[in-house]
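Asker: Next up is a structure, given as structure tokens.
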Amino acid sequence: VEIRVGLSTLLGLDDKPADLPGLGPTTAQVARNLIARQHRAEWRYAILDPTGYAHATGLLRARPSRPDPDQADGGLVELHLAATDLHALTASDHPDWTAVLQALTRAQNADPDPSRQQPTARYAGTRLRRHLHITHRHCTMPTCRRPATACDADHLHQHARGGPTTETNLHPACPTDHALHTRGGWTVHRNKNGTITWTSPLGRHHTRDQPPVAEPLPDPQPRHHTERGPDPPPQ
Ligand SMILES: [Zn+2]
């Protein structure tokens, strides 16, 4: 199973629904039970900015320390967390999650730039492709439903003409739409907000909305932060 869920939900700090791509939303409790059996799945993280867009993504090898003995095979777990979450979390409050929290903190303090590979390389590496999958989700042609995982990493400025292999010069395009770009006379460019605009040979523009990776969180503060002290006395 593939599941996208907030770290704070798994830690029991909130009860936001999780997403099962292709199936729909599910409750926090179902998500926690599923995750406990998904320790063999591939785990990815997406560190989100305040608007819900991913500014860092990567592979997570650490797991919580008490797995369900009944483990499922395969699967994909995508953990979402706000950039500010990790500072507010205390590992001692979540002993089973210590290794995961330490790994995420290391990832956040390390270099979060997903495009840190040779920009002159012909092809995007695993890390860069994973980042494109998480930030775009689908082929960027607006009418296309192909998931980004089934797409090519297409260069906006063609590699053969000096276009770099970087996050901002790549987008996911399925083989059909990729061919429209390379041989069909379509042009493709990236807007300032990160969306991709396709322009047909007749000059018509098509832009796909790019929803945030997760809905913006009104208050990502963990629960214990509300226990700071007594309310000030009434005036
Ligand atoms: Zn497509």
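Ligands are numbered from 1 in the order shown, residues from 1 within each chain, and chains are lettered A, B, ... in the order they appear in the structure tokens.
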Neighbours of ligand 1 at 7 Å or closer, counting only C-alpha atoms and all ligand atoms: which residues, as an MDAnalysis selection string?
Answerer: chainID A and resid 139:141 144:146 173:177
Asker: Taking the DSSP assignment computed from this structure's backbone, write out as an MDAnalysis selection string all residues of stretch 16-217 of chain A that belong to strand (DSSP E).
Answerer: chainID A and resid 18:20 24:26 42:48 54:60 76:82 152:155 170:173 187:190 196:199 205:207
Asker: Please write the residues from the selection above to a file, keeping C-alpha atoms, as a tab-separated table (two decimals), in the first residue's frame.
Answerer:
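Result file is out31.tsv:
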```tsv
chain	number	residue	atom	x	y	z
A	18	ALA	CA	-3.85	10.40	5.89
A	19	ASP	CA	-3.96	9.86	2.13
A	20	LEU	CA	-3.89	6.52	0.32
A	24	GLY	CA	-8.61	8.24	-0.84
A	25	PRO	CA	-8.27	9.58	2.68
A	26	THR	CA	-8.21	7.44	5.78
A	42	GLU	CA	10.29	2.35	1.14
A	43	TRP	CA	10.01	5.38	3.42
A	44	ARG	CA	10.40	8.92	2.09
A	45	TYR	CA	10.16	12.23	3.84
A	46	ALA	CA	9.04	15.63	2.58
A	47	ILE	CA	9.93	18.67	4.68
A	48	LEU	CA	7.31	21.31	3.89
A	54	ALA	CA	8.16	20.49	-0.27
A	55	HIS	CA	11.50	22.20	0.12
A	56	ALA	CA	13.42	19.06	0.97
A	57	THR	CA	12.76	15.41	0.25
A	58	GLY	CA	14.69	12.21	0.68
A	59	LEU	CA	14.84	8.58	1.62
A	60	LEU	CA	14.39	7.57	5.25
A	76	LEU	CA	5.59	3.24	0.01
A	77	VAL	CA	5.37	5.51	3.04
A	78	GLU	CA	5.66	9.26	2.57
A	79	LEU	CA	6.09	11.23	5.80
A	80	HIS	CA	5.22	14.91	5.79
A	81	LEU	CA	6.55	17.33	8.35
A	82	ALA	CA	6.79	21.09	8.63
A	152	ASP	CA	10.41	10.74	-17.69
A	153	ALA	CA	12.37	13.57	-16.10
A	154	ASP	CA	12.14	15.94	-19.06
A	155	HIS	CA	14.59	18.84	-19.40
A	170	LEU	CA	13.25	19.28	-14.93
A	171	HIS	CA	9.62	18.24	-14.79
A	172	PRO	CA	7.84	14.89	-15.08
A	173	ALA	CA	6.39	14.18	-18.54
A	187	THR	CA	7.41	24.35	-25.79
A	188	VAL	CA	7.45	23.97	-22.02
A	189	HIS	CA	8.54	26.43	-19.38
A	190	ARG	CA	8.53	26.73	-15.62
A	196	ILE	CA	4.73	24.28	-15.69
A	197	THR	CA	3.19	25.87	-18.79
A	198	TRP	CA	2.88	23.92	-22.05
A	199	THR	CA	2.50	25.96	-25.24
A	205	HIS	CA	-0.98	27.93	-23.23
A	206	HIS	CA	-1.86	25.10	-20.85
A	207	THR	CA	-0.83	25.24	-17.20
```
Asker: From the set A:Arg61, A:Arg4, A:His136, A:His181, which residue has the shortest atom-to-atom contact distance to A:Leu23, counting only C-alpha atoms?
Answerer: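 Residue with the minimum atom-to-atom distance to A:Leu23: A:Arg4.
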Asker: Nearest to A:Thr90: which of A:Leu156, A:Ala150, A:Ala214, A:Leu11 is it, counting only C-alpha atoms?
Answerer: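 Of all the options, A:Leu11 lies closest to A:Thr90.
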Asker: With only C-alpha atoms as the basis for distance, which of A:Thr135, A:Gln38, A:Asn33, A:Ser65 is at the shortest distance from A:Glu167?
Answerer: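 The shortest atom-to-atom distance to A:Glu167 comes from A:Thr135.
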